[in-house]
$ cat entry_13.cif   # mmCIF, C-alpha atoms and all ligand atoms
data_protein
loop_
_atom_site.label_atom_id
_atom_site.label_comp_id
_atom_site.auth_asym_id
_atom_site.auth_seq_id
_atom_site.Cartn_x
_atom_site.Cartn_y
_atom_site.Cartn_z
CA MET V 1 -60.03 90.93 -16.90
CA THR V 2 -57.17 89.23 -18.76
CA ARG V 3 -53.91 91.20 -18.75
CA ILE V 4 -51.56 90.55 -21.66
CA VAL V 5 -47.97 91.80 -21.81
CA LEU V 6 -45.98 91.56 -25.03
CA PHE V 7 -42.23 92.20 -25.31
CA GLU V 8 -39.66 92.56 -28.09
CA ASN V 9 -41.69 94.31 -30.74
CA ILE V 10 -44.11 91.50 -31.43
CA HIS V 11 -45.98 92.18 -34.67
CA ALA V 12 -49.24 94.17 -34.48
CA SER V 13 -51.07 91.14 -35.91
CA ALA V 14 -50.95 89.65 -32.38
CA ARG V 15 -52.74 92.63 -30.87
CA GLU V 16 -55.37 92.42 -33.62
CA VAL V 17 -56.08 88.78 -32.72
CA PHE V 18 -56.35 89.57 -29.00
CA GLU V 19 -58.60 92.57 -29.59
CA ALA V 20 -60.85 90.67 -32.00
CA ALA V 21 -61.28 88.07 -29.24
CA GLY V 22 -62.35 90.81 -26.80
CA PHE V 23 -59.09 91.27 -24.86
CA ASP V 24 -58.03 94.90 -24.66
CA ASP V 25 -55.76 95.08 -21.62
CA ILE V 26 -52.60 94.71 -23.69
CA THR V 27 -49.24 96.29 -22.86
CA THR V 28 -46.51 96.20 -25.48
CA HIS V 29 -42.79 96.79 -25.10
CA ALA V 30 -40.39 97.38 -27.99
CA SER V 31 -37.54 95.45 -26.34
CA ALA V 32 -36.77 92.88 -23.67
CA LEU V 33 -36.48 94.15 -20.05
CA PRO V 34 -33.78 93.49 -17.45
CA PRO V 35 -34.81 90.80 -14.89
CA GLU V 36 -36.09 93.08 -12.09
CA MET V 37 -38.16 95.25 -14.41
CA LEU V 38 -39.45 92.14 -16.14
CA ARG V 39 -40.62 90.67 -12.81
CA ASP V 40 -42.46 93.90 -11.91
CA GLU V 41 -44.06 94.20 -15.31
CA LEU V 42 -45.32 90.61 -15.19
CA ARG V 43 -46.56 90.64 -11.60
CA ASP V 44 -50.24 90.81 -12.56
CA ALA V 45 -50.05 89.48 -16.15
CA ASP V 46 -52.20 86.51 -17.23
CA LEU V 47 -50.47 85.99 -20.57
CA VAL V 48 -46.97 86.94 -21.68
CA GLY V 49 -45.57 87.13 -25.21
CA ILE V 50 -41.81 87.08 -25.79
CA ARG V 51 -39.25 86.43 -28.51
CA SER V 52 -35.71 85.12 -28.04
CA ARG V 53 -34.25 87.84 -25.79
CA THR V 54 -36.57 87.52 -22.79
CA HIS V 55 -35.52 84.80 -20.38
CA LEU V 56 -38.21 83.23 -18.21
CA ASP V 57 -36.35 81.04 -15.73
CA GLY V 58 -37.71 78.87 -12.93
CA ALA V 59 -37.11 81.49 -10.20
CA LEU V 60 -39.02 84.14 -12.13
CA LEU V 61 -41.92 81.80 -12.91
CA ALA V 62 -42.12 80.90 -9.21
CA ASP V 63 -42.79 84.59 -8.51
CA LEU V 64 -45.60 84.74 -11.05
CA PRO V 65 -48.28 82.31 -9.84
CA GLN V 66 -51.04 84.22 -11.64
CA LEU V 67 -49.42 83.76 -15.08
CA ARG V 68 -51.59 81.38 -17.10
CA ALA V 69 -49.60 80.78 -20.30
CA ILE V 70 -46.52 81.86 -22.23
CA GLY V 71 -46.31 82.64 -25.94
CA CYS V 72 -42.91 82.45 -27.66
CA PHE V 73 -43.48 84.48 -30.81
CA CYS V 74 -40.69 82.58 -32.59
CA ILE V 75 -39.51 78.98 -33.12
CA GLY V 76 -36.96 78.61 -30.31
CA THR V 77 -38.25 78.02 -26.76
CA ASN V 78 -34.89 77.52 -25.00
CA GLN V 79 -35.25 80.97 -23.37
CA VAL V 80 -38.01 79.54 -21.17
CA ASP V 81 -37.55 76.95 -18.42
CA LEU V 82 -40.13 74.63 -20.00
CA GLU V 83 -40.08 72.09 -17.19
CA ALA V 84 -40.59 74.77 -14.51
CA ALA V 85 -43.47 76.23 -16.54
CA MET V 86 -45.05 72.77 -16.88
CA MET V 87 -44.75 72.08 -13.16
CA ARG V 88 -46.59 75.37 -12.49
CA GLY V 89 -49.34 74.46 -14.95
CA MET V 90 -48.31 77.03 -17.57
CA PRO V 91 -48.42 75.85 -21.17
CA VAL V 92 -45.84 77.36 -23.55
CA PHE V 93 -46.80 77.95 -27.20
CA ASN V 94 -44.61 78.86 -30.19
CA ALA V 95 -44.79 79.14 -33.97
CA PRO V 96 -42.85 76.07 -35.10
CA PHE V 97 -42.46 76.96 -38.80
CA SER V 98 -43.77 80.46 -39.50
CA ASN V 99 -40.26 81.85 -40.14
CA THR V 100 -38.60 78.72 -41.57
CA ARG V 101 -38.54 80.00 -45.15
CA SER V 102 -37.15 83.40 -44.09
CA VAL V 103 -34.16 81.76 -42.37
CA ALA V 104 -33.56 79.38 -45.28
CA GLU V 105 -33.51 82.22 -47.84
CA MET V 106 -31.09 84.27 -45.72
CA VAL V 107 -28.72 81.33 -45.31
CA LEU V 108 -28.59 80.56 -49.02
CA GLY V 109 -27.99 84.26 -49.74
CA GLN V 110 -25.13 84.36 -47.23
CA ALA V 111 -23.56 81.21 -48.68
CA ILE V 112 -23.52 82.77 -52.16
CA LEU V 113 -22.19 86.14 -50.89
CA LEU V 114 -19.39 84.48 -48.92
CA LEU V 115 -18.41 82.13 -51.76
CA ARG V 116 -17.97 85.26 -53.91
CA ARG V 117 -16.20 87.17 -51.08
CA ILE V 118 -18.76 89.96 -51.43
CA PRO V 119 -18.49 91.21 -47.79
CA GLU V 120 -14.76 91.96 -48.28
CA LYS V 121 -15.26 93.45 -51.77
CA ASN V 122 -18.08 95.63 -50.50
CA ASP V 123 -15.86 96.90 -47.69
CA ARG V 124 -12.97 97.58 -50.11
CA VAL V 125 -15.12 99.59 -52.53
CA HIS V 126 -16.55 101.63 -49.63
CA HIS V 127 -12.94 102.46 -48.72
CA GLY V 128 -11.99 103.53 -52.27
CA PHE V 129 -10.34 100.33 -53.60
CA TRP V 130 -11.42 98.97 -56.98
CA ASP V 131 -10.13 95.47 -56.30
CA LYS V 132 -11.45 93.66 -59.39
CA THR V 133 -10.00 90.22 -58.81
CA ALA V 134 -11.59 86.78 -59.11
CA GLN V 135 -9.20 85.28 -56.60
CA GLY V 136 -10.96 83.23 -53.97
CA ALA V 137 -14.40 83.86 -55.58
CA TYR V 138 -16.42 80.77 -56.52
CA GLU V 139 -19.81 79.81 -57.92
CA ALA V 140 -22.21 77.98 -55.62
CA ARG V 141 -22.94 75.49 -58.40
CA GLY V 142 -21.12 72.22 -57.76
CA LYS V 143 -20.05 73.14 -54.21
CA THR V 144 -21.00 70.98 -51.24
CA LEU V 145 -23.31 72.34 -48.56
CA GLY V 146 -23.21 70.50 -45.22
CA ILE V 147 -26.33 70.96 -43.09
CA VAL V 148 -26.09 70.18 -39.38
CA GLY V 149 -29.64 69.61 -38.09
CA TYR V 150 -31.97 68.51 -40.90
CA GLY V 151 -35.27 69.67 -39.39
CA ASN V 152 -37.70 72.23 -40.76
CA ILE V 153 -35.09 74.87 -41.59
CA GLY V 154 -32.19 72.58 -42.48
CA SER V 155 -34.22 70.59 -44.99
CA GLN V 156 -35.64 73.79 -46.53
CA VAL V 157 -32.10 75.19 -46.95
CA GLY V 158 -31.12 71.94 -48.68
CA THR V 159 -33.99 72.21 -51.16
CA LEU V 160 -33.12 75.83 -52.04
CA ALA V 161 -29.40 75.00 -52.33
CA GLU V 162 -30.06 72.16 -54.80
CA ALA V 163 -31.97 74.64 -56.96
CA VAL V 164 -28.69 76.56 -57.51
CA GLY V 165 -26.75 73.36 -58.19
CA MET V 166 -25.19 72.66 -54.80
CA ARG V 167 -24.55 69.12 -53.60
CA VAL V 168 -26.25 68.66 -50.23
CA LEU V 169 -25.09 66.60 -47.25
CA PHE V 170 -26.71 66.59 -43.85
CA HIS V 171 -26.10 65.25 -40.37
CA ASP V 172 -28.88 64.81 -37.81
CA ILE V 173 -29.10 62.83 -34.58
CA GLU V 174 -32.42 61.42 -35.81
CA ALA V 175 -33.11 59.43 -38.96
CA LYS V 176 -34.50 61.86 -41.55
CA LEU V 177 -36.03 61.48 -45.00
CA PRO V 178 -33.53 63.07 -47.42
CA LEU V 179 -35.23 65.58 -49.75
CA GLY V 180 -34.13 65.82 -53.38
CA ASN V 181 -30.64 64.36 -53.80
CA ALA V 182 -29.47 65.17 -50.25
CA ARG V 183 -27.33 62.52 -48.56
CA ALA V 184 -27.04 61.77 -44.86
CA CYS V 185 -23.68 61.65 -43.06
CA THR V 186 -23.52 59.36 -40.06
CA THR V 187 -21.15 61.59 -38.14
CA LEU V 188 -20.62 65.32 -37.87
CA LYS V 189 -16.95 64.77 -38.69
CA GLN V 190 -17.79 63.12 -42.03
CA LEU V 191 -19.94 66.10 -42.97
CA LEU V 192 -17.33 68.66 -41.91
CA ALA V 193 -14.60 66.94 -43.91
CA GLN V 194 -16.58 67.08 -47.18
CA SER V 195 -18.37 70.45 -47.07
CA ASP V 196 -17.40 73.75 -48.67
CA VAL V 197 -20.11 75.52 -46.69
CA VAL V 198 -21.38 74.27 -43.32
CA THR V 199 -24.67 75.63 -41.99
CA LEU V 200 -26.06 74.95 -38.52
CA HIS V 201 -29.77 74.36 -37.84
CA VAL V 202 -29.88 72.54 -34.51
CA PRO V 203 -31.81 73.63 -31.41
CA GLY V 204 -30.06 75.46 -28.57
CA GLY V 205 -29.53 73.79 -25.19
CA ARG V 206 -27.09 71.50 -23.45
CA GLY V 207 -27.02 68.85 -26.21
CA THR V 208 -25.68 71.26 -28.83
CA ARG V 209 -23.47 73.55 -26.73
CA ASN V 210 -20.22 74.24 -28.61
CA ILE V 211 -20.67 71.31 -30.98
CA ILE V 212 -18.64 73.51 -33.32
CA ASP V 213 -15.51 73.90 -31.19
CA ALA V 214 -11.82 74.14 -32.11
CA GLU V 215 -11.67 70.43 -32.97
CA ALA V 216 -14.76 70.59 -35.21
CA LEU V 217 -13.43 73.72 -36.93
CA ALA V 218 -10.12 71.96 -37.55
CA ALA V 219 -12.05 69.09 -39.14
CA MET V 220 -13.57 71.48 -41.71
CA ARG V 221 -11.98 71.81 -45.16
CA LYS V 222 -9.38 74.53 -45.62
CA GLY V 223 -11.10 77.60 -47.05
CA ALA V 224 -14.57 76.45 -45.99
CA ILE V 225 -17.34 78.75 -44.79
CA LEU V 226 -19.40 78.48 -41.58
CA ILE V 227 -22.94 79.84 -41.22
CA ASN V 228 -24.77 79.91 -37.89
CA ALA V 229 -28.39 81.09 -37.75
CA SER V 230 -29.43 78.60 -35.07
CA ARG V 231 -28.39 79.53 -31.53
CA GLY V 232 -25.28 81.38 -30.33
CA THR V 233 -24.30 78.66 -27.89
CA VAL V 234 -23.70 76.13 -30.68
CA VAL V 235 -20.36 77.66 -31.80
CA ASP V 236 -17.25 78.41 -29.75
CA ILE V 237 -16.83 81.98 -30.99
CA ASP V 238 -13.21 82.39 -29.80
CA ALA V 239 -12.23 79.22 -31.63
CA LEU V 240 -14.03 80.49 -34.73
CA ARG V 241 -12.10 83.76 -34.62
CA GLN V 242 -8.84 81.79 -34.45
CA ALA V 243 -9.84 79.58 -37.39
CA LEU V 244 -10.67 82.68 -39.46
CA GLU V 245 -7.49 84.53 -38.46
CA ALA V 246 -5.40 81.49 -39.30
CA GLY V 247 -7.02 81.39 -42.74
CA HIS V 248 -8.33 77.89 -42.14
CA LEU V 249 -11.86 79.17 -42.81
CA SER V 250 -12.40 81.73 -45.57
CA GLY V 251 -15.52 83.32 -44.11
CA ALA V 252 -18.47 83.06 -41.79
CA ALA V 253 -21.98 84.42 -41.34
CA ILE V 254 -23.17 84.67 -37.76
CA ASP V 255 -26.74 85.70 -36.89
CA VAL V 256 -26.87 84.45 -33.30
CA PHE V 257 -24.48 85.00 -30.38
CA PRO V 258 -23.81 83.45 -26.97
CA THR V 259 -24.93 86.75 -25.39
CA GLU V 260 -27.14 89.07 -27.39
CA PRO V 261 -27.98 92.73 -26.73
CA LYS V 262 -31.44 93.29 -25.25
CA SER V 263 -32.26 96.42 -27.22
CA VAL V 264 -31.23 98.46 -30.23
CA ASP V 265 -29.10 100.82 -28.07
CA GLU V 266 -26.96 98.07 -26.55
CA PRO V 267 -23.90 97.25 -28.68
CA LEU V 268 -22.90 93.67 -29.47
CA ASP V 269 -19.72 92.50 -27.79
CA SER V 270 -18.07 89.87 -29.98
CA PRO V 271 -14.51 88.90 -30.98
CA LEU V 272 -15.74 88.73 -34.58
CA ILE V 273 -16.42 92.46 -34.84
CA GLY V 274 -14.22 94.08 -37.50
CA MET V 275 -13.47 90.90 -39.46
CA ARG V 276 -14.15 91.74 -43.09
CA ASN V 277 -14.83 88.17 -44.14
CA VAL V 278 -17.57 87.74 -41.53
CA ILE V 279 -21.20 88.75 -42.02
CA LEU V 280 -22.69 89.73 -38.66
CA THR V 281 -26.46 90.15 -38.40
CA PRO V 282 -28.59 90.97 -35.32
CA HIS V 283 -30.52 87.69 -35.03
CA ILE V 284 -32.77 88.50 -37.97
CA GLY V 285 -32.80 85.16 -39.80
CA GLY V 286 -36.52 84.84 -39.16
CA SER V 287 -37.29 88.56 -39.24
CA THR V 288 -39.27 89.36 -42.37
CA GLN V 289 -42.58 91.15 -42.68
CA GLU V 290 -44.20 87.92 -43.85
CA SER V 291 -42.90 85.76 -41.03
CA GLN V 292 -43.47 88.24 -38.20
CA GLU V 293 -47.06 88.86 -39.25
CA ASN V 294 -47.74 85.12 -39.45
CA ILE V 295 -46.05 84.45 -36.11
CA GLY V 296 -47.99 87.24 -34.37
CA LYS V 297 -51.25 85.76 -35.58
CA GLU V 298 -50.41 82.10 -34.98
CA VAL V 299 -49.15 82.41 -31.40
CA ALA V 300 -51.84 84.90 -30.36
CA GLU V 301 -54.50 82.53 -31.69
CA LYS V 302 -53.04 79.66 -29.65
CA LEU V 303 -53.07 81.83 -26.50
CA VAL V 304 -56.64 82.99 -27.14
CA ARG V 305 -57.84 79.42 -27.69
CA PHE V 306 -56.18 78.38 -24.44
CA ILE V 307 -57.56 81.23 -22.36
CA GLN V 308 -61.07 80.86 -23.82
CA SER V 309 -61.40 77.09 -23.97
CA GLY V 310 -58.42 75.52 -22.22
CA THR V 311 -57.12 73.80 -25.36
CA THR V 312 -53.37 73.20 -25.28
CA LYS V 313 -52.98 71.94 -28.86
CA GLY V 314 -49.50 72.94 -30.06
CA ALA V 315 -48.05 73.53 -26.56
CA VAL V 316 -44.39 72.50 -26.41
CA ASN V 317 -44.25 71.51 -22.72
CA PHE V 318 -47.75 70.36 -21.86
CA PRO V 319 -50.25 67.55 -22.38
CA GLU V 320 -52.15 68.45 -25.55
CA VAL V 321 -55.90 68.65 -25.06
CA PRO V 322 -57.70 69.47 -28.34
CA TYR V 323 -60.55 71.96 -28.67
CA ILE V 324 -63.74 70.61 -27.13
CA GLU V 325 -67.17 72.19 -27.69
CA PRO V 326 -68.33 73.63 -24.35
CA ALA V 327 -71.02 71.65 -22.57
CA GLY V 328 -72.39 72.25 -19.08
CA ALA V 329 -72.46 75.35 -16.89
CA ALA V 330 -68.72 75.79 -16.31
CA ARG V 331 -65.36 74.47 -17.45
CA ILE V 332 -62.66 73.56 -14.93
CA LEU V 333 -59.02 73.29 -16.04
CA HIS V 334 -57.18 71.06 -13.63
CA VAL V 335 -53.45 70.31 -13.74
CA HIS V 336 -52.32 67.58 -11.36
CA ARG V 337 -49.38 65.40 -10.49
CA ASN V 338 -49.56 62.37 -12.77
CA LEU V 339 -49.98 59.75 -10.01
CA PRO V 340 -52.12 56.61 -9.84
CA GLY V 341 -55.65 57.46 -8.73
CA ALA V 342 -55.40 61.19 -9.56
CA MET V 343 -58.51 61.12 -11.75
CA GLY V 344 -60.49 59.22 -9.12
CA THR V 345 -59.49 61.82 -6.52
CA LEU V 346 -60.54 64.68 -8.79
CA SER V 347 -63.90 63.05 -9.61
CA SER V 348 -64.59 62.44 -5.89
CA LEU V 349 -63.74 66.05 -5.04
CA MET V 350 -66.13 67.27 -7.71
CA ALA V 351 -68.84 64.85 -6.56
CA GLU V 352 -68.46 66.04 -2.95
CA HIS V 353 -69.33 69.53 -4.18
CA GLY V 354 -72.35 68.29 -6.12
CA LEU V 355 -70.75 68.81 -9.53
CA ASN V 356 -71.93 66.55 -12.32
CA ILE V 357 -69.32 65.94 -15.04
CA VAL V 358 -70.89 66.43 -18.49
CA SER V 359 -67.72 66.04 -20.53
CA GLN V 360 -64.13 65.35 -19.60
CA GLN V 361 -60.84 65.09 -21.46
CA LEU V 362 -57.57 63.99 -19.85
CA GLN V 363 -54.09 64.03 -21.34
CA THR V 364 -50.86 63.31 -19.53
CA LEU V 365 -47.24 64.17 -20.23
CA GLY V 366 -44.45 63.01 -17.96
CA GLN V 367 -45.06 64.26 -14.45
CA ILE V 368 -48.37 66.03 -15.03
CA GLY V 369 -51.90 65.33 -16.10
CA TYR V 370 -54.24 67.95 -17.54
CA VAL V 371 -58.01 67.55 -17.36
CA VAL V 372 -60.62 69.76 -18.96
CA SER V 373 -64.00 69.10 -17.29
CA ASP V 374 -67.34 70.61 -18.25
CA VAL V 375 -69.64 70.41 -15.25
CA GLU V 376 -73.20 71.13 -14.17
CA GLY V 377 -73.63 72.58 -10.72
CA LYS V 378 -72.47 75.63 -8.84
CA VAL V 379 -68.74 76.21 -9.03
CA ASP V 380 -68.15 78.90 -6.43
CA ASP V 381 -65.01 80.17 -4.69
CA ALA V 382 -65.27 77.47 -2.00
CA VAL V 383 -65.23 74.68 -4.63
CA MET V 384 -62.25 76.21 -6.39
CA ALA V 385 -60.41 76.72 -3.10
CA ASP V 386 -60.93 73.04 -2.22
CA LEU V 387 -59.74 71.83 -5.63
CA ARG V 388 -56.69 74.09 -5.45
CA ALA V 389 -55.81 73.04 -1.91
CA HIS V 390 -55.72 69.29 -2.63
CA PRO V 391 -52.15 67.84 -2.65
CA ILE V 392 -52.54 66.34 -6.15
CA THR V 393 -53.35 69.76 -7.64
CA VAL V 394 -50.66 71.71 -9.47
CA ARG V 395 -53.06 74.35 -10.69
CA CYS V 396 -56.79 74.78 -11.12
CA ASP V 397 -58.60 77.49 -13.10
CA LEU V 398 -62.23 78.14 -13.90
CA LEU V 399 -63.66 79.21 -17.25
CA ASP V 400 -67.31 80.18 -17.35
N1 LIG H 1 -31.84 83.02 -36.67
C1 LIG H 1 -33.15 83.04 -36.51
O1 LIG H 1 -33.78 84.10 -36.56
C2 LIG H 1 -33.88 81.76 -36.30
C3 LIG H 1 -35.20 81.63 -36.74
C4 LIG H 1 -35.86 80.43 -36.55
C5 LIG H 1 -35.23 79.39 -35.90
N2 LIG H 1 -33.97 79.54 -35.44
C6 LIG H 1 -33.29 78.44 -34.79
O2 LIG H 1 -32.98 77.46 -35.77
C7 LIG H 1 -32.84 76.20 -35.18
C8 LIG H 1 -33.52 75.11 -36.01
O3 LIG H 1 -34.90 75.37 -36.15
P1 LIG H 1 -35.87 74.30 -36.86
O4 LIG H 1 -37.20 74.93 -36.92
O5 LIG H 1 -35.26 73.77 -38.09
O6 LIG H 1 -35.87 73.17 -35.76
P2 LIG H 1 -36.26 71.63 -35.95
O7 LIG H 1 -36.60 71.16 -34.59
O8 LIG H 1 -37.26 71.47 -37.02
O9 LIG H 1 -34.89 70.96 -36.42
C9 LIG H 1 -33.78 70.82 -35.58
C10 LIG H 1 -33.08 69.53 -36.00
O10 LIG H 1 -31.85 69.44 -35.32
C11 LIG H 1 -31.63 68.06 -35.01
N3 LIG H 1 -30.62 67.97 -33.97
C12 LIG H 1 -30.77 68.18 -32.62
N4 LIG H 1 -29.57 68.04 -32.01
C13 LIG H 1 -28.67 67.75 -32.97
C14 LIG H 1 -27.28 67.50 -32.96
N5 LIG H 1 -26.56 67.53 -31.83
N6 LIG H 1 -26.67 67.22 -34.14
C15 LIG H 1 -27.38 67.17 -35.29
N7 LIG H 1 -28.71 67.39 -35.36
C16 LIG H 1 -29.33 67.68 -34.22
C17 LIG H 1 -33.01 67.57 -34.63
O11 LIG H 1 -33.10 66.17 -34.67
C18 LIG H 1 -33.87 68.27 -35.68
O12 LIG H 1 -34.01 67.49 -36.84
C19 LIG H 1 -33.36 76.37 -33.76
O13 LIG H 1 -32.26 76.58 -32.89
C20 LIG H 1 -34.14 77.64 -33.80
O14 LIG H 1 -34.23 78.24 -32.56
C21 LIG H 1 -33.28 80.69 -35.64
O1 LIG H 2 -37.60 86.55 -33.17
C1 LIG H 2 -36.73 86.16 -32.41
O2 LIG H 2 -36.26 86.83 -31.50
C2 LIG H 2 -36.22 84.72 -32.53
C3 LIG H 2 -36.13 84.23 -33.93
C4 LIG H 2 -35.66 82.80 -34.02
O3 LIG H 2 -34.45 82.61 -33.39
C5 LIG H 2 -36.66 81.79 -33.58
O4 LIG H 2 -36.37 81.02 -32.67
O5 LIG H 2 -37.74 81.76 -34.18
#
$ encode --input "entry_13.cif" --output "structure tokens"
Amino acid sequence: MTRIVLFENIHASAREVFEAAGFDDITTHASALPPEMLRDELRDADLVGIRSRTHLDGALLADLPQLRAIGCFCIGTNQVDLEAAMMRGMPVFNAPFSNTRSVAEMVLGQAILLLRRIPEKNDRVHHGFWDKTAQGAYEARGKTLGIVGYGNIGSQVGTLAEAVGMRVLFHDIEAKLPLGNARACTTLKQLLAQSDVVTLHVPGGRGTRNIIDAEALAAMRKGAILINASRGTVVDIDALRQALEAGHLSGAAIDVFPTEPKSVDEPLDSPLIGMRNVILTPHIGGSTQESQENIGKEVAEKLVRFIQSGTTKGAVNFPEVPYIEPAGAARILHVHRNLPGAMGTLSSLMAEHGLNIVSQQLQTLGQIGYVVSDVEGKVDDAVMADLRAHPITVRCDLLD
């Protein structure tokens, strides 16, 4: 019996995929859980589905040896210790572009609203002031949008922004094909110095921590706007507050925070609360009906394919073995340390137990190798115990 636990209000389309594949032991939670409750809830789970608020660190994964695979029902996977998961033989799947368009549309909308100072005007009208002034309100047409991180979302934002007449610059650590009339900036500083609106679309993690700090904010144009719908760790929020208070920036839109509430009842704690020229949203850049339904389906399908056939196509931390038609009496999924002679050792172990290999597919990634073997012969508990006990083995599972 496969036990599936889904957190953070994952769309019902995921459950539909699991049920259609014959899995009905599915527990769903509307929010993320605190660490101790999370550990208890996952103790006998085979598959787990999370979004961005559930953290699966190395210590937790070490306590969950039965967990077979992890589904991140989102783009970002920085909430999971990917290396620890790999070294325990757990592939991690995500939906790399199912919510790209949703984020891009929100960012363009925010840029236009902030250029027109709509958040402040909205607040004024709600408080009884008919402040009908054009001061500080600008068209998007002809303004420069600077995109930091020109990947799936960044490049999509650039395409939409050109459609309303913005000039697009981007900075990326990798060489990227510029779409439309977008132009690359070699350094972040060059981009910051020329942009009226700066939008961030880099991954989270050590390499991007506080890349927008006090110095970067000072390098932005006076009156510029900052938008962050990437990860909360990318911006030094205290420095941003100072830049806004000092009037150096005219506005900001922040969708992601260094620490985010785990549920709807927990309030956000942020120095930006109460600033009328700042749009604060609860990490909903990718949250649309369209995207969540697609993500639910896409990630659930990847998990089902893995649990039924062992395929790891699309895993972000694991050697990718494509779908292989089953042949033979049983399929053995073997994850091993990627050392010279590992395959020979595995073949000898199988031969010792009288197993004949009908089909075999090996892929390696860094420190591990992953082999899907279809075999003839009797694969009983003793065979599996021997395979699991061998020092080269990281993990070994049987599909039949
Ligand atoms: N707010 C939301 O709801 C939401 C939704 C989806 C994705 N996201 C986040 O958006 C971000 C981007 O997603 P994506 O799908 O476009 O990712 P992507 O991998 O397609 O693109 C990221 C780009 O950033 C570049 N990059 C990495 N480090 C950089 C650096 N220091 N400076 C400049 N460029 C750098 C990479 O080379 C890559 O081109 C991720 O952090 C993701 O988690 C947020
Ligand atoms: O749905 C979420 O919680 C995360 C959304 C977004 O940040 C992503 O990484 O796709």
$ residues_near_point --input "entry_13.cif" --point "(-39.1, 70.4, -46.7)" --cutoff "10 Å" --atoms "all atoms listed in the file" --output "count of residues only"
17
$ residues_around --input "entry_13.cif" --residues "segment 185-187 of chain V" --least-positions-apart "4" --cutoff "8 Å" --atoms "only C-alpha atoms" --output "VMD selection string"
chain V and resid 169 to 172 191
$ residues_around --input "entry_13.cif" --residues "Ile211 of chain V" --least-positions-apart "6" --cutoff "8 Å" --atoms "all atoms listed in the file" --output "JSON, numbers by chain"
{"V": [234, 235, 236]}
$ residues_around --input "entry_13.cif" --residues "Ala300 of chain V" --least-positions-apart "4" --cutoff "10 Å" --atoms "only C-alpha atoms" --output "ChimeraX atom specification"
/V:13-18,47,49,71-73,93-95,294-296,304-306
$ residues_near_point --input "entry_13.cif" --point "(-55.5, 65.6, -22.2)" --cutoff "6 Å" --atoms "all atoms listed in the file" --output "number ranges by chain"
V: 319-321, 361-364, 370-371
$ write_last_selection --input "entry_13.cif" --atoms "C-alpha atoms" --output "PDB file, in the frame of the given file"
ATOM      1  CA  PRO V 319     -50.250  67.550 -22.380  1.00  0.00           C
ATOM      2  CA  GLU V 320     -52.150  68.450 -25.550  1.00  0.00           C
ATOM      3  CA  VAL V 321     -55.900  68.650 -25.060  1.00  0.00           C
ATOM      4  CA  GLN V 361     -60.840  65.090 -21.460  1.00  0.00           C
ATOM      5  CA  LEU V 362     -57.570  63.990 -19.850  1.00  0.00           C
ATOM      6  CA  GLN V 363     -54.090  64.030 -21.340  1.00  0.00           C
ATOM      7  CA  THR V 364     -50.860  63.310 -19.530  1.00  0.00           C
ATOM      8  CA  TYR V 370     -54.240  67.950 -17.540  1.00  0.00           C
ATOM      9  CA  VAL V 371     -58.010  67.550 -17.360  1.00  0.00           C
TER      10      VAL V 371
END
$ residues_near_ligand --input "entry_13.cif" --ligand "ligand LIG 1 (chain H)" --cutoff "6 Å" --atoms "all atoms listed in the file" --output "number ranges by chain"
V: 75-76, 97, 99-100, 103, 148-154, 171-174, 201-204, 207-208, 229-231, 255, 283-286
$ write_last_selection --input "entry_13.cif" --atoms "C-alpha atoms" --output "compact mmCIF listing (two decimals), in the coordinates of the input"
# COMPACT_ATOMS: atom_id res chain seq x y z
CA ILE V 75 -39.51 78.98 -33.12
CA GLY V 76 -36.96 78.61 -30.31
CA PHE V 97 -42.46 76.96 -38.80
CA ASN V 99 -40.26 81.85 -40.14
CA THR V 100 -38.60 78.72 -41.57
CA VAL V 103 -34.16 81.76 -42.37
CA VAL V 148 -26.09 70.18 -39.38
CA GLY V 149 -29.64 69.61 -38.09
CA TYR V 150 -31.97 68.51 -40.90
CA GLY V 151 -35.27 69.67 -39.39
CA ASN V 152 -37.70 72.23 -40.76
CA ILE V 153 -35.09 74.87 -41.59
CA GLY V 154 -32.19 72.58 -42.48
CA HIS V 171 -26.10 65.25 -40.37
CA ASP V 172 -28.88 64.81 -37.81
CA ILE V 173 -29.10 62.83 -34.58
CA GLU V 174 -32.42 61.42 -35.81
CA HIS V 201 -29.77 74.36 -37.84
CA VAL V 202 -29.88 72.54 -34.51
CA PRO V 203 -31.81 73.63 -31.41
CA GLY V 204 -30.06 75.46 -28.57
CA GLY V 207 -27.02 68.85 -26.21
CA THR V 208 -25.68 71.26 -28.83
CA ALA V 229 -28.39 81.09 -37.75
CA SER V 230 -29.43 78.60 -35.07
CA ARG V 231 -28.39 79.53 -31.53
CA ASP V 255 -26.74 85.70 -36.89
CA HIS V 283 -30.52 87.69 -35.03
CA ILE V 284 -32.77 88.50 -37.97
CA GLY V 285 -32.80 85.16 -39.80
CA GLY V 286 -36.52 84.84 -39.16
$ closest_residue --input "entry_13.cif" --among "V:Ile357, V:Ile279, V:Ala385, V:Leu398" --to "Ile118 of chain V" --atoms "only C-alpha atoms"
V:Ile279
$ residues_around --input "entry_13.cif" --residues "segment 314-316 of chain V" --least-positions-apart "2" --cutoff "6 Å" --atoms "all atoms listed in the file" --output "count of residues only"
5
$ closest_residue --input "entry_13.cif" --among "V:Val299, V:Leu33, V:Ile227, V:Ile50" --to "ligand LIG 2 (chain H)" --atoms "only C-alpha atoms and all ligand atoms"
V:Ile50
